[in-house]
Amino acid sequence: MSTSPIWPDRNSRSAELYERARKVLPGGISRLQTLVDPFPIYAGRGEGATIVDVDGTHRLDMMNNFASLIHGHARSEVIDAATRAARHGSCFAMPTEAEIALAELLCDRVKSVEKVRFCNSGTEAVMLALKAARAHTGRARIAKIEGAYHGMYDYAEVSLDSSPENWGNDPNSVRFTAGSPRAVLDDTVVFPHNNTEAAERILRDAGESLAAILIDPAPGVFGMIPMTPEFVSMIQRVARDIGASIIIDEVIALRLGYHGAQAKFGIEPDYTTFAKIIGGGFPVGAVAGSETAMAVFSHAQGKPLNPSSGTFTANPVSMSAGLATMELMTPEAYAALDALGEHARMVAARAFQATGVKGQVTGVGGMFAIHLHERPITDYRSAYPVGNEAARGKALHLALLEAGFIMSPKLSAFLSTAMTTNDIDRFGAALETILRSQM
């Protein structure tokens, strides 16, 4: 794998592009999560499991655009489907057959899904699902897990990055974005992941004010820690008792199973949000659910309770690429990705054991995360970095980049079907070398 020229080279093409970008983009970047110090690496092209940057350096892409690409880059069947669609027209103020076909696939695979409403991103999908639950229940408040990421809608991002200074004994509702209205905080109840007793008490205290309980079965921000069966059972029992809708966020979690993460974890939601892999690398989102729950979007009785539209919603390029992607995700493909994830977690854990560096690996399916401590992790607070752990994590992230491996800034990975066990073994060897020499 080529790693020349060495990043960060101030004379590199990436450095030159960043200087141009700083003149026209706030902070020189359009997506904050792609910024790394001292300047971002600019992609030139993608080839399967590899990104080749504008300076010709090849790196194994273990982030896959934050879980959007499940077959890696430029998979021929996906690109061919998108190209065929684009040749006939990239978007219309009319529906197309492609949206029906992708919706049919989702309805066939995911038991709770009887109707689908497409949109353009995971953020939009969560926003629409929360609005749908409010319309369906006639209530305003929502509840979400502390530290879980559900996109950029004001309500969904509450307490995304709370800290010991402001998170409280029971989770406080903490602003993520400056200027977010106080009413947003008042209408968002926050509860701890996998703490069944505390979460049930908080949810029951909110009671019949709640329109929806928004959950991610394995929140990525703090290490893809799966919900326990006891926690899932409690969520469903409480939701039934208080009459709140359950929204499961499968924007990322759909990559965990052919029938959805909800089948894997035994969750019976009212609404499901999808995005990322159902677009095959193109912008997409969807909210889906039962006939009754999704009736709020229907115009059959006049103005819908929850009208929704969008200029690029269900555009045929995204629909066609998404359909090709999902058709390639057979039960066998899911099983192989699970096995690759299990191997990656084993390899990373072995690197910590071999070097004696304190650390651990968490995750599920084809996803994993690295933590530079050995504390038991059950939720956002137990995963929260203390002391110099954040600085060491940043250093490890940059060292892996220089060694030719792309992980998220929080040291999480989302694997693709384009990867091999040899790729993962090379990563494990590089991780061990870095831990031994720098950590």
# chains A, B, ... in the order shown; residues from 1 in each chain; ligands from 1
call {"tool": "residues_around", "arguments": {"residues": "Ala211 of chain A", "least_positions_apart": "3", "cutoff": "6 Å", "atoms": "only C-alpha atoms", "output": "list in words"}}
result
Ala133, Arg134, Thr137, Arg139, Ala140, Arg141, Ile142 and Ala244 of chain A
call {"tool": "residues_around", "arguments": {"residues": "segment 253-258 of chain A", "least_positions_apart": "3", "cutoff": "8 Å", "atoms": "only C-alpha atoms", "output": "PyMOL selection string"}}
result
chain A and resi 70+109+216-218+249-250+261+263-264+274+277+329-331+334+338+364-366
call {"tool": "write_last_selection", "arguments": {"atoms": "C-alpha atoms", "output": "compact mmCIF listing (two decimals), in the first residue's frame"}}
result
# COMPACT_ATOMS: atom_id res chain seq x y z
CA ILE A 70 -21.60 -1.25 2.47
CA ARG A 109 -37.47 -7.56 4.28
CA ASP A 216 -30.70 3.27 18.28
CA PRO A 217 -30.13 -0.41 19.09
CA ALA A 218 -26.32 0.01 19.02
CA ASP A 249 -33.13 4.56 14.04
CA GLU A 250 -31.73 2.12 11.49
CA ALA A 261 -31.55 -4.57 13.36
CA ALA A 263 -35.30 -8.39 14.00
CA LYS A 264 -31.83 -9.00 15.46
CA PHE A 274 -33.44 4.39 7.06
CA ILE A 277 -26.86 2.06 2.59
CA MET A 329 -26.96 -7.66 0.47
CA THR A 330 -28.15 -11.24 0.64
CA PRO A 331 -28.33 -13.16 3.94
CA TYR A 334 -24.68 -10.11 5.90
CA ASP A 338 -20.60 -10.15 10.55
CA VAL A 364 -21.50 -5.59 16.77
CA GLY A 365 -21.84 -7.02 13.27
CA GLY A 366 -19.50 -5.37 10.78
call {"tool": "residues_around", "arguments": {"residues": "Asn172 of chain A", "least_positions_apart": "6", "cutoff": "8 Å", "atoms": "only C-alpha atoms", "output": "compact mmCIF listing (two decimals) with C-alpha atoms, in the first residue's frame"}}
result
# COMPACT_ATOMS: atom_id res chain seq x y z
CA SER A 159 -27.48 15.87 24.86
CA ASN A 166 -23.58 19.54 32.71
CA VAL A 190 -33.10 12.16 27.92
call {"tool": "closest_residue", "arguments": {"among": "A:Phe222, A:Phe297, A:Phe191, A:Tyr155", "to": "Ala383 of chain A", "atoms": "only C-alpha atoms"}}
result
A:Phe222
call {"tool": "select_by_dssp", "arguments": {"residues": "segment 316-380 of chain A", "states": "helix (DSSP H, G or I)", "output": "PDB file with C-alpha atoms, in the first residue's frame"}}
result
ATOM      1  CA  PRO A 316     -34.350   7.887  -9.504  1.00  0.00           C
ATOM      2  CA  VAL A 317     -30.553   7.873  -9.238  1.00  0.00           C
ATOM      3  CA  SER A 318     -30.573   7.305  -5.465  1.00  0.00           C
ATOM      4  CA  MET A 319     -33.467   4.847  -5.724  1.00  0.00           C
ATOM      5  CA  SER A 320     -31.751   2.798  -8.438  1.00  0.00           C
ATOM      6  CA  ALA A 321     -28.349   2.767  -6.741  1.00  0.00           C
ATOM      7  CA  GLY A 322     -29.993   1.870  -3.436  1.00  0.00           C
ATOM      8  CA  LEU A 323     -31.964  -0.990  -4.954  1.00  0.00           C
ATOM      9  CA  ALA A 324     -28.835  -2.454  -6.551  1.00  0.00           C
ATOM     10  CA  THR A 325     -26.965  -2.131  -3.250  1.00  0.00           C
ATOM     11  CA  MET A 326     -29.661  -3.816  -1.215  1.00  0.00           C
ATOM     12  CA  GLU A 327     -30.166  -6.630  -3.725  1.00  0.00           C
ATOM     13  CA  LEU A 328     -26.476  -7.464  -3.313  1.00  0.00           C
ATOM     14  CA  PRO A 331     -28.328 -13.161   3.941  1.00  0.00           C
ATOM     15  CA  GLU A 332     -24.962 -14.676   2.998  1.00  0.00           C
ATOM     16  CA  ALA A 333     -23.448 -11.206   2.482  1.00  0.00           C
ATOM     17  CA  TYR A 334     -24.676 -10.112   5.903  1.00  0.00           C
ATOM     18  CA  ALA A 335     -23.204 -13.246   7.498  1.00  0.00           C
ATOM     19  CA  ALA A 336     -19.837 -12.650   5.822  1.00  0.00           C
ATOM     20  CA  LEU A 337     -19.783  -9.029   6.997  1.00  0.00           C
ATOM     21  CA  ASP A 338     -20.599 -10.155  10.548  1.00  0.00           C
ATOM     22  CA  ALA A 339     -17.705 -12.627  10.422  1.00  0.00           C
ATOM     23  CA  LEU A 340     -15.343  -9.923   9.158  1.00  0.00           C
ATOM     24  CA  GLY A 341     -16.414  -7.648  12.017  1.00  0.00           C
ATOM     25  CA  GLU A 342     -15.807 -10.406  14.540  1.00  0.00           C
ATOM     26  CA  HIS A 343     -12.354 -10.935  13.084  1.00  0.00           C
ATOM     27  CA  ALA A 344     -11.599  -7.203  13.239  1.00  0.00           C
ATOM     28  CA  ARG A 345     -12.595  -6.999  16.893  1.00  0.00           C
ATOM     29  CA  MET A 346     -10.404 -10.012  17.667  1.00  0.00           C
ATOM     30  CA  VAL A 347      -7.424  -8.585  15.774  1.00  0.00           C
ATOM     31  CA  ALA A 348      -7.698  -5.185  17.467  1.00  0.00           C
ATOM     32  CA  ALA A 349      -8.090  -6.736  20.919  1.00  0.00           C
ATOM     33  CA  ARG A 350      -5.044  -8.912  20.257  1.00  0.00           C
ATOM     34  CA  ALA A 351      -3.003  -5.788  19.471  1.00  0.00           C
ATOM     35  CA  PHE A 352      -3.796  -4.370  22.910  1.00  0.00           C
ATOM     36  CA  GLN A 353      -2.952  -7.679  24.577  1.00  0.00           C
ATOM     37  CA  ALA A 354       0.346  -7.992  22.706  1.00  0.00           C
ATOM     38  CA  THR A 355       1.510  -4.486  23.607  1.00  0.00           C
ATOM     39  CA  TYR A 380     -22.383   7.129  26.914  1.00  0.00           C
TER      40      TYR A 380
END
call {"tool": "closest_residue", "arguments": {"among": "A:Glu19, A:Asp186, A:Glu291, A:Glu230", "to": "Gly266 of chain A", "atoms": "only C-alpha atoms"}}
result
A:Glu230
call {"tool": "residues_around", "arguments": {"residues": "Glu208 of chain A", "least_positions_apart": "2", "cutoff": "7 Å", "atoms": "only C-alpha atoms", "output": "list of chain:residue names"}}
result
A:Ala206, A:Leu210, A:Ile242, A:Gly243
call {"tool": "residues_around", "arguments": {"residues": "segment 402-407 of chain A", "least_positions_apart": "5", "cutoff": "12 Å", "atoms": "only C-alpha atoms", "output": "compact mmCIF listing (two decimals) with C-alpha atoms, in the first residue's frame"}}
result
# COMPACT_ATOMS: atom_id res chain seq x y z
CA MET A 1 0.00 0.00 0.00
CA SER A 2 1.46 3.35 -1.06
CA THR A 3 1.86 5.89 1.73
CA SER A 4 3.95 8.44 -0.16
CA PRO A 5 4.01 11.41 0.02
CA ILE A 6 3.86 11.35 3.81
CA TRP A 7 0.86 13.21 5.22
CA PRO A 8 0.82 15.95 6.39
CA ASP A 9 3.06 17.40 3.70
CA GLN A 33 -16.23 15.38 10.80
CA THR A 34 -13.90 15.20 7.78
CA VAL A 36 -8.22 16.50 10.62
CA ILE A 41 -6.99 14.76 3.19
CA ALA A 43 -10.13 12.18 -1.89
CA ALA A 49 -12.02 -0.96 -0.09
CA THR A 50 -9.48 1.77 -0.86
CA ILE A 51 -9.45 5.56 -1.16
CA VAL A 52 -6.73 7.10 -3.28
CA ASP A 53 -6.18 10.71 -2.25
CA GLY A 56 -1.81 9.34 -4.94
CA THR A 57 -1.71 7.81 -1.46
CA HIS A 58 -3.77 4.61 -1.02
CA ARG A 59 -5.55 4.00 2.30
CA LEU A 60 -7.88 1.25 3.46
CA ASP A 61 -11.25 2.92 4.03
CA MET A 62 -12.65 1.53 7.28
CA MET A 63 -15.11 4.41 7.67
CA ASN A 64 -16.98 4.08 4.35
CA ASN A 65 -18.41 7.59 4.52
CA PHE A 66 -19.68 7.06 8.06
CA ALA A 67 -21.37 3.72 7.23
CA MET A 367 -18.81 -2.42 13.09
CA PHE A 368 -16.31 -1.82 15.87
CA ALA A 369 -14.80 0.93 18.00
CA ILE A 370 -11.53 1.30 19.89
CA GLY A 393 -7.31 8.85 20.78
CA LYS A 394 -6.68 11.76 18.41
CA ALA A 395 -3.02 10.80 18.17
CA LEU A 396 -3.94 7.19 17.38
CA HIS A 397 -6.41 8.30 14.72
CA SER A 412 -14.94 3.64 15.01
CA ALA A 413 -15.05 1.53 11.85
CA PHE A 414 -17.81 0.43 9.47
CA LEU A 415 -16.62 -2.41 7.28
CA ASP A 423 -7.00 -6.16 4.91
CA ILE A 424 -8.03 -6.56 8.53
CA ASP A 425 -4.84 -8.42 9.43
CA ARG A 426 -2.77 -5.58 7.94
CA PHE A 427 -4.76 -3.14 10.06
CA GLY A 428 -4.11 -5.24 13.15
CA ALA A 429 -0.38 -5.30 12.48
CA ALA A 430 -0.30 -1.52 11.99
CA LEU A 431 -2.34 -0.96 15.15
CA GLU A 432 0.05 -3.13 17.15
CA THR A 433 3.07 -1.26 15.78
CA ILE A 434 1.55 2.12 16.64
call {"tool": "residues_around", "arguments": {"residues": "Arg13 of chain A", "least_positions_apart": "2", "cutoff": "7 Å", "atoms": "only C-alpha atoms", "output": "PDB file with N, CA and C atoms, in the first residue's frame"}}
result
ATOM      1  N   ASN A  11       3.480  20.760   1.230  1.00  0.00           N
ATOM      2  CA  ASN A  11       3.580  20.992  -0.207  1.00  0.00           C
ATOM      3  C   ASN A  11       2.668  20.066  -1.011  1.00  0.00           C
ATOM      4  N   ALA A  15      -2.932  20.005   0.885  1.00  0.00           N
ATOM      5  CA  ALA A  15      -2.658  21.274   1.562  1.00  0.00           C
ATOM      6  C   ALA A  15      -3.023  22.448   0.665  1.00  0.00           C
ATOM      7  N   GLU A  16      -2.711  22.329  -0.623  1.00  0.00           N
ATOM      8  CA  GLU A  16      -3.041  23.391  -1.584  1.00  0.00           C
ATOM      9  C   GLU A  16      -4.557  23.576  -1.689  1.00  0.00           C
ATOM     10  N   LEU A  17      -5.298  22.463  -1.763  1.00  0.00           N
ATOM     11  CA  LEU A  17      -6.758  22.547  -1.869  1.00  0.00           C
ATOM     12  C   LEU A  17      -7.370  23.155  -0.613  1.00  0.00           C
ATOM     13  N   VAL A  54      -5.729  12.795  -3.430  1.00  0.00           N
ATOM     14  CA  VAL A  54      -5.300  13.597  -4.582  1.00  0.00           C
ATOM     15  C   VAL A  54      -3.786  13.605  -4.761  1.00  0.00           C
ATOM     16  N   ASP A  55      -3.057  13.105  -3.778  1.00  0.00           N
ATOM     17  CA  ASP A  55      -1.601  12.987  -3.891  1.00  0.00           C
ATOM     18  C   ASP A  55      -1.167  11.571  -4.251  1.00  0.00           C
TER      19      ASP A  55
END
call {"tool": "closest_residue", "arguments": {"among": "A:Cys107, A:Val357, A:Ala125, A:Ile247", "to": "Ala293 of chain A", "atoms": "only C-alpha atoms"}}
result
A:Ile247
call {"tool": "closest_residue", "arguments": {"among": "A:Val361, A:Val189, A:Ala178, A:Val284", "to": "Ser209 of chain A", "atoms": "only C-alpha atoms"}}
result
A:Val189
call {"tool": "residues_around", "arguments": {"residues": "Tyr153 of chain A", "least_positions_apart": "3", "cutoff": "12 Å", "atoms": "only C-alpha atoms", "output": "JSON, numbers by chain"}}
result
{"A": [121, 122, 123, 124, 125, 126, 127, 128, 129, 130, 131, 149, 150, 156, 157, 158, 160, 175, 176, 177, 180, 184, 188]}
call {"tool": "atom_distance", "arguments": {"atom1": "atom CA of Arg240 of chain A", "atom2": "atom CA of Leu203 of chain A"}}
result
11.7 Å
call {"tool": "select_by_dssp", "arguments": {"residues": "segment 57-94 of chain A", "states": "strand (DSSP E)", "output": "ChimeraX atom specification"}}
result
/A:58-61
call {"tool": "write_last_selection", "arguments": {"atoms": "C-alpha atoms", "output": "PDB file, in the first residue's frame"}}
result
ATOM      1  CA  HIS A  58      -3.773   4.615  -1.022  1.00  0.00           C
ATOM      2  CA  ARG A  59      -5.548   4.005   2.297  1.00  0.00           C
ATOM      3  CA  LEU A  60      -7.878   1.252   3.464  1.00  0.00           C
ATOM      4  CA  ASP A  61     -11.251   2.918   4.031  1.00  0.00           C
TER       5      ASP A  61
END
call {"tool": "atom_distance", "arguments": {"atom1": "atom CA of Gly285 of chain A", "atom2": "atom CA of Val251 of chain A"}}
result
7.9 Å
